[in-house]
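Structure file structure_24.txt with compact mmCIF, C-alpha atoms:
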```
# COMPACT_ATOMS: atom_id res chain seq x y z
CA MET A 1 19.20 22.92 54.41
CA PHE A 2 22.54 22.14 52.77
CA TYR A 3 22.80 19.07 50.53
CA PRO A 4 26.17 17.69 49.38
CA LEU A 5 26.89 17.80 45.65
CA TRP A 6 26.82 14.02 45.28
CA PHE A 7 23.25 13.92 46.64
CA ILE A 8 22.04 16.61 44.25
CA LEU A 9 23.57 14.81 41.26
CA LEU A 10 22.11 11.47 42.32
CA PHE A 11 18.64 12.98 42.73
CA SER A 12 18.85 14.69 39.35
CA LEU A 13 19.88 11.50 37.55
CA SER A 14 17.12 9.47 39.16
CA SER A 15 14.55 12.03 38.04
CA VAL A 16 15.45 11.76 34.36
CA THR A 17 13.18 9.43 32.42
CA GLN A 18 15.12 6.91 30.38
CA ALA A 19 14.46 7.44 26.67
CA LEU A 20 13.25 4.43 24.69
CA SER A 21 15.17 3.77 21.49
CA VAL A 22 15.18 1.14 18.72
CA VAL A 23 16.32 1.00 15.10
CA ASP A 24 13.52 0.13 12.68
CA ASP A 25 13.79 -2.00 9.55
CA THR A 26 14.75 1.00 7.41
CA GLY A 27 17.74 1.80 9.63
CA GLN A 28 16.10 4.81 11.25
CA GLU A 29 16.47 5.31 14.99
CA VAL A 30 13.10 5.64 16.68
CA ILE A 31 13.17 7.47 20.01
CA LEU A 32 10.41 8.07 22.56
CA ASP A 33 10.64 9.99 25.83
CA HIS A 34 8.19 7.54 27.41
CA SER A 35 6.35 4.36 26.48
CA ALA A 36 3.83 4.92 23.70
CA GLN A 37 0.26 5.41 24.90
CA ARG A 38 -1.48 6.73 21.76
CA ILE A 39 -0.61 4.50 18.80
CA VAL A 40 -1.80 4.44 15.20
CA THR A 41 -1.14 1.19 13.31
CA LEU A 42 -1.05 1.17 9.51
CA ALA A 43 -0.98 -2.60 8.97
CA PRO A 44 -3.04 -5.49 10.39
CA HIS A 45 -0.02 -7.48 11.56
CA LEU A 46 1.30 -4.53 13.58
CA THR A 47 -2.07 -4.26 15.28
CA GLU A 48 -1.94 -7.96 16.11
CA LEU A 49 1.59 -7.75 17.51
CA LEU A 50 0.55 -4.97 19.88
CA PHE A 51 -2.27 -7.13 21.18
CA SER A 52 0.27 -9.92 21.73
CA LEU A 53 2.11 -7.45 23.95
CA GLN A 54 -1.12 -6.60 25.81
CA ALA A 55 -0.93 -3.08 24.40
CA GLY A 56 -3.88 -3.27 22.04
CA GLU A 57 -5.93 -0.85 24.11
CA ARG A 58 -3.38 1.85 23.30
CA ILE A 59 -4.26 1.77 19.58
CA ILE A 60 -6.38 4.84 18.85
CA ALA A 61 -6.80 4.14 15.11
CA THR A 62 -5.88 1.54 12.51
CA VAL A 63 -6.53 0.49 8.91
CA GLU A 64 -8.97 -1.88 7.24
CA HIS A 65 -8.46 -5.63 7.75
CA SER A 66 -7.04 -5.18 11.25
CA ASP A 67 -9.32 -7.95 12.46
CA TYR A 68 -7.37 -10.04 14.95
CA PRO A 69 -7.94 -10.53 17.80
CA GLU A 70 -11.66 -9.84 17.98
CA ALA A 71 -11.07 -6.69 20.03
CA ALA A 72 -9.15 -5.20 17.11
CA ARG A 73 -12.39 -4.94 15.13
CA LEU A 74 -13.59 -2.24 17.53
CA ILE A 75 -10.68 0.13 16.82
CA PRO A 76 -11.64 3.20 14.72
CA ARG A 77 -10.55 2.96 11.05
CA ILE A 78 -8.75 5.58 8.99
CA GLY A 79 -9.15 3.78 5.65
CA GLY A 80 -7.18 1.22 3.72
CA ALA A 81 -3.43 0.85 4.12
CA GLU A 82 -2.79 2.72 0.86
CA GLU A 83 -5.43 5.40 1.46
CA ILE A 84 -4.19 6.89 4.70
CA SER A 85 -4.08 10.65 5.18
CA ALA A 86 -1.35 12.45 7.08
CA GLU A 87 -3.85 15.15 8.04
CA VAL A 88 -6.20 12.63 9.64
CA ILE A 89 -3.36 11.03 11.59
CA LEU A 90 -2.14 14.42 12.81
CA THR A 91 -5.58 15.26 14.22
CA LEU A 92 -5.38 12.10 16.36
CA GLU A 93 -2.17 13.35 18.03
CA PRO A 94 -0.46 9.96 18.31
CA ASP A 95 2.85 9.59 20.13
CA LEU A 96 3.75 6.68 17.82
CA VAL A 97 2.77 5.56 14.32
CA LEU A 98 3.55 2.01 13.22
CA ALA A 99 3.91 1.72 9.45
CA TRP A 100 4.37 -1.15 6.99
CA ASP A 101 7.27 -0.22 4.74
CA LYS A 102 5.86 -2.16 1.80
CA GLY A 103 2.26 -1.03 2.19
CA SER A 104 2.10 2.42 3.74
CA PRO A 105 2.48 5.35 1.29
CA ALA A 106 6.08 6.58 1.51
CA GLU A 107 5.12 10.21 0.93
CA VAL A 108 2.67 10.15 3.84
CA ILE A 109 5.25 8.62 6.17
CA ALA A 110 7.86 11.19 5.08
CA LEU A 111 5.42 14.03 5.74
CA LEU A 112 4.54 12.72 9.19
CA ARG A 113 8.21 12.48 10.11
CA SER A 114 8.92 15.97 8.80
CA LEU A 115 6.17 17.26 11.10
CA GLY A 116 7.70 15.60 14.14
CA VAL A 117 5.55 12.48 14.39
CA VAL A 118 7.48 9.45 15.62
CA VAL A 119 7.16 6.66 13.04
CA TYR A 120 8.42 3.09 13.28
CA ARG A 121 8.63 1.29 9.92
CA ALA A 122 8.60 -2.50 9.71
CA SER A 123 9.50 -4.24 6.46
CA SER A 124 10.57 -7.78 7.26
CA GLN A 125 8.57 -10.66 5.76
CA SER A 126 10.32 -13.44 7.63
CA LEU A 127 9.81 -15.51 10.74
CA GLU A 128 12.97 -14.00 12.22
CA GLY A 129 11.51 -10.60 11.47
CA VAL A 130 8.52 -11.37 13.69
CA SER A 131 10.85 -11.67 16.69
CA LYS A 132 12.70 -8.47 15.82
CA THR A 133 9.54 -6.41 15.29
CA LEU A 134 7.93 -7.75 18.46
CA ALA A 135 11.06 -6.96 20.48
CA ASP A 136 11.17 -3.40 19.08
CA LEU A 137 7.50 -2.76 19.78
CA ALA A 138 7.98 -4.14 23.28
CA VAL A 139 10.69 -1.54 23.93
CA LEU A 140 8.54 1.30 22.57
CA THR A 141 5.56 0.24 24.69
CA GLY A 142 7.51 -0.64 27.81
CA GLN A 143 6.55 -4.31 27.52
CA SER A 144 9.97 -5.90 27.08
CA GLU A 145 9.59 -8.16 30.09
CA LEU A 146 6.41 -9.61 28.61
CA ALA A 147 8.01 -10.04 25.16
CA VAL A 148 10.93 -12.19 26.31
CA PRO A 149 9.00 -15.46 26.89
CA LEU A 150 6.80 -14.83 23.83
CA ILE A 151 9.83 -14.56 21.56
CA ALA A 152 11.56 -17.52 23.22
CA ASP A 153 8.52 -19.76 22.72
CA PHE A 154 8.10 -18.58 19.12
CA LYS A 155 11.72 -19.34 18.23
CA SER A 156 11.59 -22.68 20.02
CA GLU A 157 8.50 -23.75 18.04
CA ILE A 158 10.19 -22.83 14.76
CA MET A 159 13.36 -24.70 15.63
CA HIS A 160 11.42 -27.78 16.69
CA THR A 161 9.50 -27.74 13.42
CA LYS A 162 12.70 -27.26 11.42
CA VAL A 163 14.39 -30.24 13.08
CA ARG A 164 11.34 -32.43 12.52
CA TYR A 165 10.67 -31.70 8.85
CA GLN A 166 13.56 -30.02 7.07
CA HIS A 167 15.44 -33.18 6.08
CA ASN A 168 12.43 -35.18 4.97
CA LYS A 169 11.87 -36.14 1.34
CA THR A 170 11.67 -33.02 -0.84
CA VAL A 171 8.24 -31.90 -2.01
CA ASN A 172 7.91 -29.50 -4.97
CA VAL A 173 5.41 -26.77 -4.13
CA PHE A 174 3.46 -24.30 -6.23
CA TYR A 175 1.98 -21.57 -4.06
CA GLN A 176 -1.00 -20.08 -5.89
CA LEU A 177 -1.22 -16.59 -4.43
CA TRP A 178 -3.79 -15.45 -6.98
CA ASN A 179 -5.73 -17.27 -9.67
CA ASP A 180 -6.40 -14.70 -12.44
CA PRO A 181 -3.80 -13.84 -13.44
CA LEU A 182 -1.95 -16.79 -11.98
CA MET A 183 0.47 -15.38 -9.40
CA THR A 184 2.84 -16.86 -6.85
CA ALA A 185 5.64 -15.82 -4.45
CA ASN A 186 9.44 -15.77 -4.57
CA LYS A 187 12.00 -16.25 -1.79
CA GLN A 188 11.44 -12.76 -0.39
CA GLN A 189 8.07 -13.75 1.04
CA MET A 190 7.50 -15.58 4.30
CA ILE A 191 5.67 -18.47 2.63
CA ASN A 192 8.95 -19.43 0.91
CA GLU A 193 10.70 -19.66 4.28
CA MET A 194 7.88 -21.84 5.59
CA ILE A 195 8.03 -24.16 2.58
CA THR A 196 11.78 -24.56 3.04
CA LEU A 197 11.51 -25.27 6.78
CA CYS A 198 8.95 -27.96 6.01
CA GLY A 199 11.35 -29.67 3.62
CA GLY A 200 9.68 -28.37 0.48
CA VAL A 201 10.91 -26.44 -2.55
CA ASN A 202 9.14 -23.32 -3.77
CA LEU A 203 9.27 -23.71 -7.55
CA PHE A 204 9.35 -19.94 -8.03
CA ALA A 205 11.79 -19.04 -5.26
CA GLU A 206 14.43 -17.61 -7.60
CA GLN A 207 12.12 -15.38 -9.63
CA LEU A 208 13.12 -11.71 -9.50
CA GLU A 209 9.60 -10.38 -9.04
CA VAL A 210 8.38 -10.49 -5.45
CA VAL A 211 4.98 -11.59 -6.77
CA PRO A 212 5.81 -13.47 -9.98
CA GLN A 213 3.13 -13.94 -12.61
CA THR A 214 3.08 -17.35 -14.26
CA SER A 215 0.92 -19.56 -16.50
CA VAL A 216 -0.64 -23.00 -16.60
CA GLU A 217 1.94 -23.92 -19.26
CA SER A 218 4.75 -23.18 -16.78
CA ILE A 219 3.06 -25.22 -14.08
CA LEU A 220 2.73 -28.14 -16.51
CA LEU A 221 6.48 -28.02 -17.14
CA LEU A 222 7.44 -27.65 -13.48
CA ASN A 223 4.98 -30.37 -12.41
CA PRO A 224 4.54 -29.60 -8.67
CA ASP A 225 3.77 -32.34 -6.17
CA VAL A 226 1.32 -30.05 -4.38
CA ILE A 227 -0.50 -26.78 -4.99
CA VAL A 228 -1.27 -24.61 -1.97
CA ALA A 229 -3.51 -21.55 -2.03
CA PRO A 230 -4.70 -19.06 0.61
CA GLN A 231 -8.31 -19.56 1.70
CA GLN A 232 -9.10 -15.87 1.49
CA GLY A 233 -9.37 -14.57 -2.05
CA THR A 234 -9.25 -17.98 -3.73
CA PRO A 235 -12.38 -18.97 -5.73
CA VAL A 236 -14.37 -21.83 -4.24
CA ASP A 237 -14.05 -23.77 -7.50
CA TRP A 238 -10.27 -23.38 -7.78
CA ARG A 239 -9.64 -27.12 -7.40
CA GLN A 240 -12.13 -27.89 -10.14
CA ARG A 241 -10.31 -25.54 -12.51
CA TRP A 242 -7.10 -27.54 -12.13
CA GLN A 243 -8.80 -30.82 -13.08
CA ALA A 244 -8.34 -29.93 -16.76
CA TRP A 245 -4.62 -30.76 -16.37
CA PRO A 246 -4.34 -34.24 -14.84
CA GLU A 247 -0.76 -34.44 -16.17
CA ILE A 248 0.27 -32.36 -13.15
CA THR A 249 1.17 -34.63 -10.25
CA ALA A 250 -0.55 -32.37 -7.72
CA VAL A 251 -3.77 -32.66 -9.72
CA SER A 252 -3.65 -36.40 -10.41
CA GLN A 253 -2.97 -37.05 -6.72
CA GLN A 254 -5.51 -34.40 -5.63
CA HIS A 255 -2.90 -32.60 -3.58
CA LEU A 256 -4.66 -29.23 -3.77
CA TYR A 257 -4.90 -27.52 -0.39
CA THR A 258 -5.77 -24.18 1.16
CA LEU A 259 -4.41 -22.53 4.29
CA ASP A 260 -5.58 -19.52 6.28
CA ALA A 261 -3.90 -16.56 4.55
CA ASP A 262 -3.46 -14.72 7.86
CA LEU A 263 -1.33 -17.58 9.20
CA ILE A 264 1.01 -17.78 6.23
CA SER A 265 1.26 -14.16 5.11
CA ARG A 266 0.95 -11.95 8.20
CA PRO A 267 4.25 -11.87 10.12
CA THR A 268 2.88 -12.38 13.64
CA LEU A 269 3.20 -14.94 16.42
CA ARG A 270 0.41 -16.92 14.73
CA SER A 271 2.77 -17.57 11.80
CA VAL A 272 4.06 -20.62 13.63
CA GLN A 273 0.56 -22.09 13.39
CA GLY A 274 0.64 -21.63 9.63
CA LEU A 275 4.11 -23.19 9.51
CA LYS A 276 2.94 -26.29 11.36
CA GLN A 277 -0.17 -26.67 9.21
CA LEU A 278 1.88 -26.40 6.03
CA CYS A 279 4.37 -28.99 7.28
CA ILE A 280 1.55 -31.41 8.04
CA LEU A 281 0.19 -30.96 4.52
CA LEU A 282 3.58 -31.58 2.91
CA ASP A 283 4.10 -34.65 5.07
CA LYS A 284 0.74 -35.95 3.88
CA VAL A 285 1.90 -35.49 0.29
CA ARG A 286 5.07 -37.48 1.05
CA SER A 287 3.14 -40.40 2.48
CA GLU A 288 0.66 -40.78 -0.40
```
As structure tokens, please, write out the structure in this file.
Amino acid sequence: MFYPLWFILLFSLSSVTQALSVVDDTGQEVILDHSAQRIVTLAPHLTELLFSLQAGERIIATVEHSDYPEAARLIPRIGGAEEISAEVILTLEPDLVLAWDKGSPAEVIALLRSLGVVVYRASSQSLEGVSKTLADLAVLTGQSELAVPLIADFKSEIMHTKVRYQHNKTVNVFYQLWNDPLMTANKQQMINEMITLCGGVNLFAEQLEVVPQTSVESILLLNPDVIVAPQQGTPVDWRQRWQAWPEITAVSQQHLYTLDADLISRPTLRSVQGLKQLCILLDKVRSE
């Protein structure tokens, strides 16, 4: 049977699968011939984002501390984020590896790419970065339609919180990331963005080190209105330790609080929960 040329061309074009393409946070184009079905995640927040996209069942392996949602705990582990092996990942034959640019070993990622493994690298530690990463992963998993309302709701919640709290009375905040040595966070970390949106001031925002080390003497001079620490990794007696310095406003007023570390440090959709909780705490400080 004879088919006209236009029909043959139309049939050929319709048979070609549309490639999926995004640009990751390192500026590298990531291309897949089809939506990813066998995924290895090398950071807990990337695991969580895939579950938000209803693609968690496609994760064939992950790293330690990928513990949310509950189903993530059942995924086979390949070690800690800094202990991953390219050889182990290769044996799994993934069609996509999701890496954390600040946590996954660069040499392992480079080796995987040189061997033809498709790797997406996320590096953003901001609320805006959550939307970008989620949108990219949605493209690579064919879940863009599902991602649209998730991202819209996430951005709307942030904007609502910003409008409500940003212009309230300023609260000086010391974020105690670690207690010994005493460590905090600068403006490159998401907690700084949260503090700012809540109308607070991170006293160490302008430090050059991403994780600045400080001292009690510095805290005495800066005199924060509130001290906030992550629940995980903070000693149970941390508040008691600060009682030796009642000259600090946060101590004299007993404005010493903890927040779930996953909500204020993992860039996921749950970050907005951490943002709201922090804003409520700072508002409590203002009113007392």
Please identify all polymer residues within 12 Å of A:Val272, counting only C-alpha atoms, omitting same-chain residues fewer than 2 positions from it, and present them as a count of residues only.
37
Restricting the calculation to all atoms listed in the file: of A:Thr133, A:Ser114, A:Gln125, A:Gln232, which residue gets closest to A:Val23?
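Closest candidate: A:Thr133.
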Proximity to A:Asp24 - best of A:Val118, A:Leu256, A:Ala72, A:Val108, only C-alpha atoms
A:Val118
Give me, as JSON lines, each residue of stretch 113-232 of chain A that comes within 12 Å of stretch 236-245 of chain A, together with its shortest interatomic pair and the distance in Å at one decimal, counting all atoms listed in the file, with rows ordered by chain and rising residue number.
```
{"residue": "A:Gln176", "atom": "CA", "partner": "A:Trp238", "partner_atom": "CA", "distance": 10.0}
{"residue": "A:Leu177", "atom": "CA", "partner": "A:Trp238", "partner_atom": "CA", "distance": 11.8}
{"residue": "A:Trp178", "atom": "CA", "partner": "A:Trp238", "partner_atom": "CA", "distance": 10.3}
{"residue": "A:Asn179", "atom": "CA", "partner": "A:Trp238", "partner_atom": "CA", "distance": 7.8}
{"residue": "A:Asp180", "atom": "CA", "partner": "A:Trp238", "partner_atom": "CA", "distance": 10.6}
{"residue": "A:Leu182", "atom": "CA", "partner": "A:Trp238", "partner_atom": "CA", "distance": 11.4}
{"residue": "A:Val216", "atom": "CA", "partner": "A:Trp245", "partner_atom": "CA", "distance": 8.7}
{"residue": "A:Glu217", "atom": "CA", "partner": "A:Trp245", "partner_atom": "CA", "distance": 9.9}
{"residue": "A:Ile219", "atom": "CA", "partner": "A:Trp245", "partner_atom": "CA", "distance": 9.7}
{"residue": "A:Leu220", "atom": "CA", "partner": "A:Trp245", "partner_atom": "CA", "distance": 7.8}
{"residue": "A:Leu221", "atom": "CA", "partner": "A:Trp245", "partner_atom": "CA", "distance": 11.5}
{"residue": "A:Asn223", "atom": "CA", "partner": "A:Trp245", "partner_atom": "CA", "distance": 10.4}
{"residue": "A:Val226", "atom": "CA", "partner": "A:Trp242", "partner_atom": "CA", "distance": 11.7}
{"residue": "A:Ile227", "atom": "CA", "partner": "A:Arg239", "partner_atom": "CA", "distance": 9.5}
{"residue": "A:Val228", "atom": "CA", "partner": "A:Arg239", "partner_atom": "CA", "distance": 10.3}
{"residue": "A:Ala229", "atom": "CA", "partner": "A:Trp238", "partner_atom": "CA", "distance": 9.1}
{"residue": "A:Pro230", "atom": "CA", "partner": "A:Trp238", "partner_atom": "CA", "distance": 11.0}
{"residue": "A:Gln231", "atom": "CA", "partner": "A:Val236", "partner_atom": "CA", "distance": 8.8}
{"residue": "A:Gln232", "atom": "CA", "partner": "A:Val236", "partner_atom": "CA", "distance": 9.8}
```
Restricting it to C-alpha atoms, dump the selection as a tab-separated table (two decimals), keeping the file's coordinate frame.
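File written: part28.tsv
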```tsv
chain	number	residue	atom	x	y	z
A	176	GLN	CA	-1.00	-20.08	-5.89
A	177	LEU	CA	-1.22	-16.59	-4.43
A	178	TRP	CA	-3.79	-15.45	-6.98
A	179	ASN	CA	-5.73	-17.27	-9.67
A	180	ASP	CA	-6.40	-14.70	-12.44
A	182	LEU	CA	-1.95	-16.79	-11.98
A	216	VAL	CA	-0.64	-23.00	-16.60
A	217	GLU	CA	1.94	-23.92	-19.26
A	219	ILE	CA	3.06	-25.22	-14.08
A	220	LEU	CA	2.73	-28.14	-16.51
A	221	LEU	CA	6.48	-28.02	-17.14
A	223	ASN	CA	4.98	-30.37	-12.41
A	226	VAL	CA	1.32	-30.05	-4.38
A	227	ILE	CA	-0.50	-26.78	-4.99
A	228	VAL	CA	-1.27	-24.61	-1.97
A	229	ALA	CA	-3.51	-21.55	-2.03
A	230	PRO	CA	-4.70	-19.06	0.61
A	231	GLN	CA	-8.31	-19.56	1.70
A	232	GLN	CA	-9.10	-15.87	1.49
```
Find the residue from A:Asn186, A:Gln54, A:Asn192, A:Ser218 that sits nearest to A:Glu206; use only C-alpha atoms when measuring.
A:Asn186
Stretch 95-107 of chain A environment, 9 Å, all atoms listed in the file, sequence neighbours closer than 6 positions dropped, as a list of chain:residue names
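My reading of the contact set: A:Asp25, A:Thr26, A:Leu32, A:Ser35, A:Ala36, A:Gln37, A:Arg38, A:Ile39, A:Val40, A:Thr41, A:Leu42, A:Ala43, A:His45, A:Leu46, A:Thr47, A:Ala81, A:Glu82, A:Glu83, A:Ile84, A:Ile89, A:Val117, A:Val118, A:Val119, A:Tyr120, A:Arg121, A:Ala122, A:Ser123, A:Ser124, A:Leu140.
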Atom pair atom CA of A:Arg77 + atom CA of A:Val63, distance 5.2 Å
Rank nothing, just name the residue among A:Gln18, A:Thr91, A:Thr249, A:Gln188 nearest to A:Ile60, using only C-alpha atoms.
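Checking each candidate against A:Ile60, we get A:Thr91 as the closest.
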Would you mind reading off the distance between atom CA of A:Gly199 and atom CA of A:Val285, one decimal, in Å?
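So the answer is 11.6 Å.
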For atom CA of A:Ala135 and atom CA of A:Ser21, the interatomic separation in Å (one decimal):
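Going from atom CA of A:Ala135 over to atom CA of A:Ser21 covers 11.5 Å.
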Looking at all atoms listed in the file, which of A:Gln213, A:Asn172, A:Pro69, A:Pro181 is the one that sits closest to A:Thr196?
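Going through A:Gln213, A:Asn172, A:Pro69, A:Pro181 one by one, the smallest distance to A:Thr196 is for A:Asn172.
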So, counting all atoms listed in the file, which residue among A:Leu259, A:Ala86, A:Leu137, A:Ile78 is closest to A:Gly56?
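The shortest atom-to-atom distance to A:Gly56 comes from A:Leu137.
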At the level of N, CA and C atoms, write stretch 220-252 of chain A to a file as a short mmCIF file (atom, residue, chain, number, x, y, z; two decimals), in the first residue's frame, please.
```cif
data_model
loop_
_atom_site.label_atom_id
_atom_site.label_comp_id
_atom_site.auth_asym_id
_atom_site.auth_seq_id
_atom_site.Cartn_x
_atom_site.Cartn_y
_atom_site.Cartn_z
N LEU A 220 27.86 36.63 74.63
CA LEU A 220 27.65 37.64 75.67
C LEU A 220 27.66 39.04 75.08
N LEU A 221 28.57 39.28 74.14
CA LEU A 221 28.66 40.60 73.52
C LEU A 221 27.48 40.88 72.60
N LEU A 222 27.07 39.88 71.84
CA LEU A 222 25.98 40.06 70.88
C LEU A 222 24.61 40.10 71.56
N ASN A 223 24.50 39.42 72.71
CA ASN A 223 23.30 39.46 73.53
C ASN A 223 22.01 39.16 72.75
N PRO A 224 21.83 37.93 72.27
CA PRO A 224 20.62 37.59 71.51
C PRO A 224 19.36 37.63 72.37
N ASP A 225 18.24 37.90 71.72
CA ASP A 225 16.94 37.87 72.40
C ASP A 225 16.45 36.44 72.57
N VAL A 226 16.91 35.55 71.69
CA VAL A 226 16.47 34.16 71.72
C VAL A 226 17.59 33.27 71.19
N ILE A 227 17.66 32.07 71.74
CA ILE A 227 18.59 31.05 71.25
C ILE A 227 17.76 29.86 70.79
N VAL A 228 17.99 29.45 69.56
CA VAL A 228 17.25 28.33 68.97
C VAL A 228 18.24 27.23 68.60
N ALA A 229 17.89 26.00 68.92
CA ALA A 229 18.76 24.86 68.62
C ALA A 229 17.94 23.74 67.99
N PRO A 230 18.57 22.91 67.16
CA PRO A 230 17.85 21.75 66.61
C PRO A 230 17.66 20.69 67.68
N GLN A 231 16.52 20.02 67.67
CA GLN A 231 16.26 18.98 68.67
C GLN A 231 17.26 17.84 68.55
N GLN A 232 17.51 17.40 67.31
CA GLN A 232 18.41 16.29 67.09
C GLN A 232 19.86 16.75 67.25
N GLY A 233 20.60 16.05 68.07
CA GLY A 233 22.01 16.37 68.24
C GLY A 233 22.31 17.37 69.34
N THR A 234 21.29 17.95 69.92
CA THR A 234 21.49 18.92 71.01
C THR A 234 21.34 18.22 72.35
N PRO A 235 22.31 18.36 73.27
CA PRO A 235 22.22 17.69 74.58
C PRO A 235 20.95 18.08 75.32
N VAL A 236 20.42 17.15 76.09
CA VAL A 236 19.17 17.40 76.80
C VAL A 236 19.34 18.51 77.84
N ASP A 237 20.56 18.70 78.33
CA ASP A 237 20.79 19.72 79.36
C ASP A 237 21.31 21.04 78.78
N TRP A 238 21.09 21.27 77.49
CA TRP A 238 21.67 22.45 76.85
C TRP A 238 21.16 23.76 77.46
N ARG A 239 19.89 23.78 77.85
CA ARG A 239 19.34 24.99 78.47
C ARG A 239 20.02 25.25 79.82
N GLN A 240 20.23 24.19 80.57
CA GLN A 240 20.87 24.33 81.87
C GLN A 240 22.26 24.91 81.74
N ARG A 241 22.97 24.54 80.70
CA ARG A 241 24.33 25.04 80.49
C ARG A 241 24.35 26.56 80.31
N TRP A 242 23.33 27.10 79.66
CA TRP A 242 23.28 28.54 79.43
C TRP A 242 22.94 29.34 80.68
N GLN A 243 22.43 28.70 81.73
CA GLN A 243 22.01 29.42 82.93
C GLN A 243 23.18 30.09 83.65
N ALA A 244 24.40 29.71 83.30
CA ALA A 244 25.58 30.32 83.92
C ALA A 244 25.80 31.75 83.43
N TRP A 245 25.04 32.17 82.41
CA TRP A 245 25.23 33.52 81.84
C TRP A 245 23.88 34.26 81.77
N PRO A 246 23.35 34.62 82.93
CA PRO A 246 22.05 35.31 82.97
C PRO A 246 22.11 36.72 82.38
N GLU A 247 23.32 37.22 82.08
CA GLU A 247 23.44 38.53 81.46
C GLU A 247 22.87 38.54 80.04
N ILE A 248 22.80 37.35 79.44
CA ILE A 248 22.25 37.24 78.08
C ILE A 248 20.73 37.32 78.17
N THR A 249 20.15 38.20 77.38
CA THR A 249 18.70 38.40 77.42
C THR A 249 17.94 37.10 77.19
N ALA A 250 18.37 36.32 76.23
CA ALA A 250 17.69 35.05 75.93
C ALA A 250 17.67 34.14 77.14
N VAL A 251 18.72 34.20 77.96
CA VAL A 251 18.80 33.35 79.15
C VAL A 251 17.94 33.91 80.27
N SER A 252 18.07 35.20 80.53
CA SER A 252 17.29 35.81 81.62
C SER A 252 15.79 35.70 81.38
#
```
